[in-house]
Every structure is written in structure tokens, then in C-alpha cells.
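**Q** So here's start_33.json (JSON, C-alpha atoms and all ligand atoms).
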[["chain", "number", "residue", "atom", "x", "y", "z"],
["A", 1, "MET", "CA", 0.00, 0.00, 0.00],
["A", 2, "SER", "CA", 1.35, 3.43, -0.84],
["A", 3, "ASP", "CA", 1.23, 6.49, 1.35],
["A", 4, "VAL", "CA", 0.25, 10.08, 0.73],
["A", 5, "THR", "CA", 1.45, 13.16, 2.59],
["A", 6, "ILE", "CA", -1.15, 15.85, 3.06],
["A", 7, "THR", "CA", -1.35, 19.18, 4.81],
["A", 8, "LEU", "CA", -4.65, 20.30, 6.19],
["A", 9, "THR", "CA", -6.10, 22.50, 8.89],
["A", 10, "VAL", "CA", -8.22, 20.83, 11.53],
["A", 11, "ASN", "CA", -10.05, 23.03, 14.01],
["A", 12, "GLY", "CA", -7.72, 25.89, 13.14],
["A", 13, "ARG", "CA", -4.51, 23.90, 13.59],
["A", 14, "ALA", "CA", -2.27, 22.98, 10.67],
["A", 15, "HIS", "CA", -1.23, 19.33, 10.35],
["A", 16, "THR", "CA", 1.02, 17.51, 7.90],
["A", 17, "VAL", "CA", 0.24, 13.81, 7.92],
["A", 18, "THR", "CA", 1.61, 10.86, 5.98],
["A", 19, "THR", "CA", -1.01, 8.17, 5.79],
["A", 20, "ALA", "CA", -2.28, 5.32, 3.64],
["A", 21, "THR", "CA", -3.63, 6.40, 0.24],
["A", 22, "HIS", "CA", -6.85, 4.48, 0.75],
["A", 23, "LYS", "CA", -7.58, 5.97, 4.18],
["A", 24, "THR", "CA", -10.70, 8.09, 4.56],
["A", 25, "LEU", "CA", -10.87, 11.47, 6.21],
["A", 26, "LEU", "CA", -12.85, 9.80, 9.01],
["A", 27, "TYR", "CA", -9.96, 7.51, 9.85],
["A", 28, "LEU", "CA", -7.35, 10.20, 9.28],
["A", 29, "LEU", "CA", -9.13, 12.14, 12.03],
["A", 30, "ARG", "CA", -9.57, 9.16, 14.32],
["A", 31, "ASP", "CA", -6.33, 7.20, 13.78],
["A", 32, "ASP", "CA", -3.80, 9.89, 12.94],
["A", 33, "LEU", "CA", -5.12, 12.93, 14.79],
["A", 34, "HIS", "CA", -6.88, 11.13, 17.66],
["A", 35, "LEU", "CA", -10.08, 13.10, 17.22],
["A", 36, "TYR", "CA", -12.87, 10.67, 18.00],
["A", 37, "GLY", "CA", -15.89, 12.99, 17.77],
["A", 38, "ALA", "CA", -16.73, 11.94, 14.21],
["A", 39, "LYS", "CA", -18.26, 8.48, 14.55],
["A", 40, "ASP", "CA", -18.07, 5.39, 12.36],
["A", 41, "GLY", "CA", -21.67, 4.27, 11.93],
["A", 42, "CYS", "CA", -21.87, 2.69, 8.48],
["A", 43, "ARG", "CA", -18.86, 3.69, 6.34],
["A", 44, "GLU", "CA", -21.13, 4.11, 3.35],
["A", 45, "GLY", "CA", -22.70, 7.53, 3.59],
["A", 46, "GLU", "CA", -25.99, 6.35, 5.10],
["A", 47, "CYS", "CA", -26.00, 7.46, 8.74],
["A", 48, "GLY", "CA", -24.28, 10.86, 8.96],
["A", 49, "ALA", "CA", -22.52, 9.97, 12.22],
["A", 50, "CYS", "CA", -19.18, 10.88, 10.62],
["A", 51, "THR", "CA", -20.27, 14.36, 9.47],
["A", 52, "VAL", "CA", -17.60, 17.08, 9.62],
["A", 53, "LEU", "CA", -17.26, 20.45, 7.91],
["A", 54, "LEU", "CA", -14.89, 20.56, 4.94],
["A", 55, "ASP", "CA", -14.30, 24.17, 3.89],
["A", 56, "GLY", "CA", -17.59, 24.95, 5.63],
["A", 57, "GLN", "CA", -19.64, 22.25, 3.89],
["A", 58, "ALA", "CA", -21.10, 19.33, 5.83],
["A", 59, "VAL", "CA", -19.66, 16.10, 4.39],
["A", 60, "ASN", "CA", -19.64, 12.45, 5.31],
["A", 61, "ALA", "CA", -16.02, 11.95, 6.33],
["A", 62, "CYS", "CA", -16.35, 8.22, 5.56],
["A", 63, "LEU", "CA", -16.81, 9.07, 1.87],
["A", 64, "VAL", "CA", -13.90, 11.52, 1.58],
["A", 65, "LEU", "CA", -10.41, 10.17, 0.97],
["A", 66, "ALA", "CA", -7.77, 11.73, 3.18],
["A", 67, "GLY", "CA", -5.96, 12.98, 0.06],
["A", 68, "GLN", "CA", -9.06, 14.94, -0.94],
["A", 69, "ALA", "CA", -8.69, 17.01, 2.23],
["A", 70, "ASP", "CA", -5.21, 18.18, 1.21],
["A", 71, "GLY", "CA", -4.95, 21.95, 1.54],
["A", 72, "ARG", "CA", -8.43, 22.24, 3.03],
["A", 73, "ALA", "CA", -9.96, 23.23, 6.36],
["A", 74, "VAL", "CA", -11.81, 20.69, 8.49],
["A", 75, "ILE", "CA", -13.96, 21.42, 11.52],
["A", 76, "THR", "CA", -14.95, 18.60, 13.85],
["A", 77, "ILE", "CA", -17.13, 18.66, 16.94],
["A", 78, "GLU", "CA", -13.96, 19.12, 19.02],
["A", 79, "GLY", "CA", -13.43, 22.49, 17.34],
["A", 80, "LEU", "CA", -16.80, 24.10, 18.06],
["A", 81, "ALA", "CA", -16.38, 25.31, 21.62],
["A", 82, "THR", "CA", -14.47, 28.57, 21.98],
["A", 83, "ASP", "CA", -12.64, 29.73, 25.11],
["A", 84, "GLY", "CA", -14.26, 26.94, 27.09],
["A", 85, "ARG", "CA", -17.77, 27.99, 26.02],
["A", 86, "LEU", "CA", -19.94, 25.49, 24.20],
["A", 87, "HIS", "CA", -21.27, 26.43, 20.78],
["A", 88, "PRO", "CA", -24.95, 27.51, 21.03],
["A", 89, "LEU", "CA", -25.98, 24.30, 19.26],
["A", 90, "GLN", "CA", -24.07, 22.20, 21.79],
["A", 91, "ARG", "CA", -25.84, 24.06, 24.59],
["A", 92, "THR", "CA", -29.32, 23.77, 23.14],
["A", 93, "PHE", "CA", -28.92, 20.09, 22.25],
["A", 94, "VAL", "CA", -28.24, 19.41, 25.93],
["A", 95, "GLN", "CA", -30.98, 21.75, 27.17],
["A", 96, "ALA", "CA", -33.63, 20.37, 24.81],
["A", 97, "GLY", "CA", -32.87, 16.73, 25.63],
["A", 98, "ALA", "CA", -31.73, 16.13, 22.05],
["A", 99, "VAL", "CA", -28.85, 13.93, 23.24],
["A", 100, "GLN", "CA", -29.47, 10.41, 24.48],
["A", 101, "CYS", "CA", -26.76, 7.88, 23.60],
["A", 102, "GLY", "CA", -24.96, 10.70, 21.79],
["A", 103, "PHE", "CA", -23.64, 8.63, 18.88],
["A", 104, "CYS", "CA", -25.40, 10.77, 16.28],
["A", 105, "THR", "CA", -24.89, 14.09, 18.08],
["A", 106, "PRO", "CA", -21.58, 15.34, 16.64],
["A", 107, "GLY", "CA", -22.78, 14.74, 13.10],
["A", 108, "LEU", "CA", -26.16, 16.33, 13.70],
["A", 109, "ILE", "CA", -24.61, 19.40, 15.28],
["A", 110, "LEU", "CA", -22.16, 19.89, 12.43],
["A", 111, "SER", "CA", -24.94, 19.54, 9.84],
["A", 112, "ALA", "CA", -26.87, 22.14, 11.84],
["A", 113, "VAL", "CA", -23.84, 24.46, 11.96],
["A", 114, "ALA", "CA", -23.68, 24.33, 8.15],
["A", 115, "LEU", "CA", -27.44, 24.98, 7.94],
["A", 116, "LEU", "CA", -27.34, 28.00, 10.25],
["A", 117, "ALA", "CA", -24.41, 29.47, 8.34],
["A", 118, "GLN", "CA", -26.62, 29.47, 5.23],
["A", 119, "HIS", "CA", -30.03, 30.02, 6.82],
["A", 120, "PRO", "CA", -29.69, 31.79, 10.18],
["A", 121, "ARG", "CA", -33.43, 31.50, 10.93],
["A", 122, "PRO", "CA", -34.52, 28.23, 9.28],
["A", 123, "ASP", "CA", -38.08, 26.96, 9.38],
["A", 124, "ASP", "CA", -38.93, 23.37, 10.33],
["A", 125, "ALA", "CA", -38.85, 22.19, 6.71],
["A", 126, "GLN", "CA", -35.37, 23.61, 6.16],
["A", 127, "ILE", "CA", -34.12, 22.00, 9.37],
["A", 128, "ARG", "CA", -35.60, 18.63, 8.47],
["A", 129, "HIS", "CA", -34.13, 18.85, 4.98],
["A", 130, "ALA", "CA", -30.66, 19.79, 6.28],
["A", 131, "LEU", "CA", -30.67, 16.90, 8.77],
["A", 132, "THR", "CA", -32.07, 14.28, 6.40],
["A", 133, "GLY", "CA", -28.72, 12.51, 6.17],
["A", 134, "ASN", "CA", -28.23, 12.25, 9.93],
["A", 135, "LEU", "CA", -29.94, 9.29, 11.54],
["A", 136, "CYS", "CA", -30.83, 9.15, 15.24],
["A", 137, "ARG", "CA", -32.07, 5.92, 16.78],
["A", 138, "CYS", "CA", -32.92, 7.39, 20.18],
["A", 139, "THR", "CA", -34.61, 10.77, 20.28],
["A", 140, "GLY", "CA", -37.38, 10.73, 17.68],
["A", 141, "TYR", "CA", -36.03, 14.01, 16.20],
["A", 142, "THR", "CA", -38.55, 16.37, 17.85],
["A", 143, "GLN", "CA", -36.06, 17.61, 20.44],
["A", 144, "ILE", "CA", -33.38, 17.90, 17.78],
["A", 145, "ILE", "CA", -35.55, 20.25, 15.68],
["A", 146, "GLU", "CA", -36.33, 22.26, 18.83],
["A", 147, "ALA", "CA", -32.63, 22.47, 19.71],
["A", 148, "VAL", "CA", -31.73, 23.83, 16.27],
["A", 149, "LYS", "CA", -34.53, 26.42, 16.42],
["A", 150, "GLN", "CA", -33.49, 27.54, 19.89],
["A", 151, "ALA", "CA", -29.82, 27.81, 18.86],
["A", 152, "ALA", "CA", -30.86, 29.94, 15.86],
["A", 153, "ALA", "CA", -32.81, 32.23, 18.18],
["A", 154, "ASP", "CA", -29.94, 32.39, 20.69],
["A", 155, "MET", "CA", -27.39, 33.16, 17.97],
["A", 156, "ALA", "CA", -29.62, 35.91, 16.53],
["A", 157, "ALA", "CA", -30.03, 37.41, 20.01],
["A", 158, "GLU", "CA", -26.28, 37.25, 20.65],
["A", 159, "ALA", "CA", -25.57, 38.92, 17.29],
["A", 160, "ALA", "CA", -28.10, 41.67, 18.05],
["A", 161, "THR", "CA", -26.49, 42.27, 21.45],
["A", 162, "GLU", "CA", -23.05, 42.51, 19.84],
["A", 163, "VAL", "CA", -24.32, 45.05, 17.29],
["A", 164, "ALA", "CA", -25.99, 47.08, 20.04],
["A", 165, "THR", "CA", -22.77, 47.03, 22.08],
["A", 166, "GLU", "CA", -20.69, 48.18, 19.08],
["A", 167, "VAL", "CA", -23.14, 50.97, 18.26],
["A", 168, "GLY", "CA", -23.15, 52.05, 21.88],
["A", 169, "THR", "CA", -19.36, 52.30, 22.04],
["B", 1, "LIG", "FE1", -20.23, 7.98, 7.38],
["B", 1, "LIG", "FE2", -22.26, 6.53, 8.29],
["B", 1, "LIG", "S1", -20.18, 6.48, 8.93],
["B", 1, "LIG", "S2", -22.32, 8.17, 6.83],
["B", 2, "LIG", "FE1", -28.63, 7.94, 20.21],
["B", 2, "LIG", "FE2", -29.16, 9.81, 18.41],
["B", 2, "LIG", "S1", -29.00, 10.07, 20.57],
["B", 2, "LIG", "S2", -28.57, 7.76, 18.04]]
What do you get writing this file as C-alpha cells?

**A**
Amino acid sequence: MSDVTITLTVNGRAHTVTTATHKTLLYLLRDDLHLYGAKDGCREGECGACTVLLDGQAVNACLVLAGQADGRAVITIEGLATDGRLHPLQRTFVQAGAVQCGFCTPGLILSAVALLAQHPRPDDAQIRHALTGNLCRCTGYTQIIEAVKQAAADMAAEAATEVATEVGT
């Protein structure tokens, strides 16, 4: 088996990794970078448990070869909290009871991050559509939809507060 050397940014940190040509981004993250947030549920693009952001787009890391991530920026669930503060989606998933076993949670949250970047105030249909590829066996999805809506509201409120603070200074 041949190897490939790639340079990529993961959660804001640059890495140069030499790894097997056939390895997927999912296993580059898990084996080489020891980031276990992206989960291996099916390895065939069906469950969404391995979802990460690749240059801001939600992708199934099990379907991306490590070499395809060369020169690109990856965000995993480990990279969402800033300065010890959970991302609003991480907070609302906990508050809404949208996490049970948690296996699906990193993927769902990253799909929701991509959605909110494009549609800051999504309606239920847009949320359902964005999360179609993320399966959850535990929660029944209702709390997940509520968590995304609450995070959107919280993020809008935070943005409004920041604008008001800037205008006031
Ligand atoms: Fe990638 Fe299931 S492990 S979609
Ligand atoms: Fe268990 Fe979603 S919380 S699969």
C-alpha cells in the first residue's frame, strides 16, 4: 500500500500527515489525529454519524479520501467550543434533551452548523431537509428540531447584542 502526505487545517490547527492512500478522512481524524468525535456508523454515507465540515460544507467523512482534504480546512465537533464555552448548538442540544446515547450528536450538530451558516433563521422544513442525512435511533427528532430552532434564536439574540454594544461604544 502506498502512502500520501497531506497538509490540512483541523479546528484551526495545521497538520502535515503521511497516511495510507486508501484511508478516509474519518480515519485520518480518528487514527492519525486522535479526534474521536466523528463516529463510524456505516462507512457508506448512510447514517451521517461521521459528518464534519470541509471548507464549511457538511460532508460524510467516511466518503472523503484523506488525500481529498489536502490543503483544506476541516472542523470537527472538538473544534466548536471557543474559550471553554460550548457552541450555542451544543448548549441547546443538551438543554432540549436532544442527546441520548450521543452517537449521532456530533454529526447532527455539524450539519446544523452548516445549515445556520446558510439560513440563520430556518423553518422546520429547512431544518428537516438539512438533517435528512443524519440518523438518530434514540430521540425521535422532535427535540433535535427544537434544539436547532433555539440555537438559531440564541445566535440571533447574541448577534443583536453585539451590534448594540458596538453601536453604543
Ligand atoms: Fe459515514 Fe455513516 S459512517 S455516513
Ligand atoms: Fe442515540 Fe441519536 S441520541 S442515536

**Q** I'd like the neighbourhood of Gly37 of chain A as a PyMOL selection string, where a residue qualifies if any of its atoms comes within 8 Å (using all atoms listed in the file), though same-chain residues fewer than 3 positions away should be ignored.

**A** chain A and resi 76-78+106

**Q** List every residue of chain A that has an atom at most 9 Å from any atom of ligand LIG 2 (chain B), giving for each one its closest atom pair and the distance in Å to one decimal, counting all atoms listed in the file, sorted by chain and then by ascending residue number, as a Markdown table.

**A**
| residue | atom | partner | partner_atom | distance |
| --- | --- | --- | --- | --- |
| A:Ala49 | CA | B:LIG2 | S2 | 8.7 |
| A:Ala98 | CA | B:LIG2 | S1 | 6.8 |
| A:Val99 | CA | B:LIG2 | S1 | 4.7 |
| A:Gln100 | CA | B:LIG2 | S1 | 4.0 |
| A:Cys101 | CA | B:LIG2 | FE1 | 3.9 |
| A:Gly102 | CA | B:LIG2 | S1 | 4.3 |
| A:Phe103 | CA | B:LIG2 | S2 | 5.1 |
| A:Cys104 | CA | B:LIG2 | FE2 | 4.4 |
| A:Thr105 | CA | B:LIG2 | FE2 | 6.1 |
| A:Leu108 | CA | B:LIG2 | FE2 | 8.6 |
| A:Asn134 | CA | B:LIG2 | FE2 | 8.9 |
| A:Leu135 | CA | B:LIG2 | S2 | 6.8 |
| A:Cys136 | CA | B:LIG2 | FE2 | 3.6 |
| A:Arg137 | CA | B:LIG2 | S2 | 4.2 |
| A:Cys138 | CA | B:LIG2 | FE1 | 4.3 |
| A:Thr139 | CA | B:LIG2 | S1 | 5.7 |
| A:Gly140 | CA | B:LIG2 | FE2 | 8.3 |
| A:Tyr141 | CA | B:LIG2 | FE2 | 8.3 |

**Q** Rank A:Ala38, A:Asp31, A:Thr24, A:Gly48 by their smallest atom-to-atom distance to Leu63 of chain A, using all atoms listed in the file, and report the top residue only.

**A**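 When distances to Leu63 of chain A are compared using all atoms listed in the file, the smallest one comes from A:Thr24.
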
**Q** Could you pull out the residues sitting within 10 Å of ligand LIG 1 (chain B), using all atoms listed in the file, and write them as a compact mmCIF listing (two decimals) with C-alpha atoms, in the coordinates of the input?

**A**
# COMPACT_ATOMS: atom_id res chain seq x y z
CA THR A 24 -10.70 8.09 4.56
CA LEU A 26 -12.85 9.80 9.01
CA ALA A 38 -16.73 11.94 14.21
CA LYS A 39 -18.26 8.48 14.55
CA ASP A 40 -18.07 5.39 12.36
CA GLY A 41 -21.67 4.27 11.93
CA CYS A 42 -21.87 2.69 8.48
CA ARG A 43 -18.86 3.69 6.34
CA GLU A 44 -21.13 4.11 3.35
CA GLY A 45 -22.70 7.53 3.59
CA GLU A 46 -25.99 6.35 5.10
CA CYS A 47 -26.00 7.46 8.74
CA GLY A 48 -24.28 10.86 8.96
CA ALA A 49 -22.52 9.97 12.22
CA CYS A 50 -19.18 10.88 10.62
CA THR A 51 -20.27 14.36 9.47
CA VAL A 52 -17.60 17.08 9.62
CA VAL A 59 -19.66 16.10 4.39
CA ASN A 60 -19.64 12.45 5.31
CA ALA A 61 -16.02 11.95 6.33
CA CYS A 62 -16.35 8.22 5.56
CA LEU A 63 -16.81 9.07 1.87
CA VAL A 64 -13.90 11.52 1.58
CA CYS A 104 -25.40 10.77 16.28
CA GLY A 107 -22.78 14.74 13.10
CA GLY A 133 -28.72 12.51 6.17
CA ASN A 134 -28.23 12.25 9.93
CA LEU A 135 -29.94 9.29 11.54

**Q** Nearest to Ala20 of chain A: which of A:Leu35, A:Ala153, A:Ala66, A:Ile144 is it, counting only C-alpha atoms?

**A**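 Looking at the shortest contact to Ala20 of chain A, the residue is A:Ala66.
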
**Q** List the neighbours of Ala130 of chain A out to 7 Å using all atoms listed in the file; skip same-chain residues closer than 3 positions along the sequence, and give me the result as a PyMOL selection string.

**A** chain A and resi 111+115+126-127

**Q** Please indicate the distance in Å from atom CA of Ala14 of chain A to atom CA of Met155 of chain A, rounded to one decimal place.

**A**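 Atom CA of Met155 of chain A lies at a distance of 28.1 Å from atom CA of Ala14 of chain A.
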
**Q** Could you work out how far atom CA of Ala58 of chain A lies from atom CA of Thr9 of chain A, giving the answer in Å with one decimal?

**A**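 Those two atoms sit 15.6 Å apart.
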
**Q** Return the single residue from A:Ile109, A:Val148, A:Val167, A:Ala117 that is closest to Ala81 of chain A, with distances computed using only C-alpha atoms.

**A** A:Ile109

**Q** Given all atoms listed in the file as the basis, pick out the residue of A:Ala156, A:Val94, A:Leu65, A:Leu53 nearest to Tyr27 of chain A.

**A**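 Closest candidate: A:Leu65.
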
**Q** Rank nothing, just name the residue among A:Ala114, A:Ala96, A:Ala160, A:Ile75 nearest to Gln57 of chain A, using only C-alpha atoms.

**A**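 With only C-alpha atoms as the atom set, the closest residue is A:Ala114.
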
**Q** With distances taken over all atoms listed in the file, which of A:Lys149, A:Ala125, A:His22, A:Val10 is nearest to Leu54 of chain A?

**A** A:Val10

**Q** What is the atom CA of Pro120 of chain A to atom CA of Arg72 of chain A distance in Å?

**A**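 Separation of atom CA of Pro120 of chain A and atom CA of Arg72 of chain A: 24.4 Å.
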
**Q** So for segment 131-143 of chain A, what box centre and size do we get, axis-aligned, 8 Å extra on each of the six sides, every listed atom, Å to one decimal, as lines of an AutoDock Vina configuration file?

**A**
center_x = -33.4
center_y = 11.8
center_z = 13.3
size_x = 26.3
size_y = 27.7
size_z = 30.3
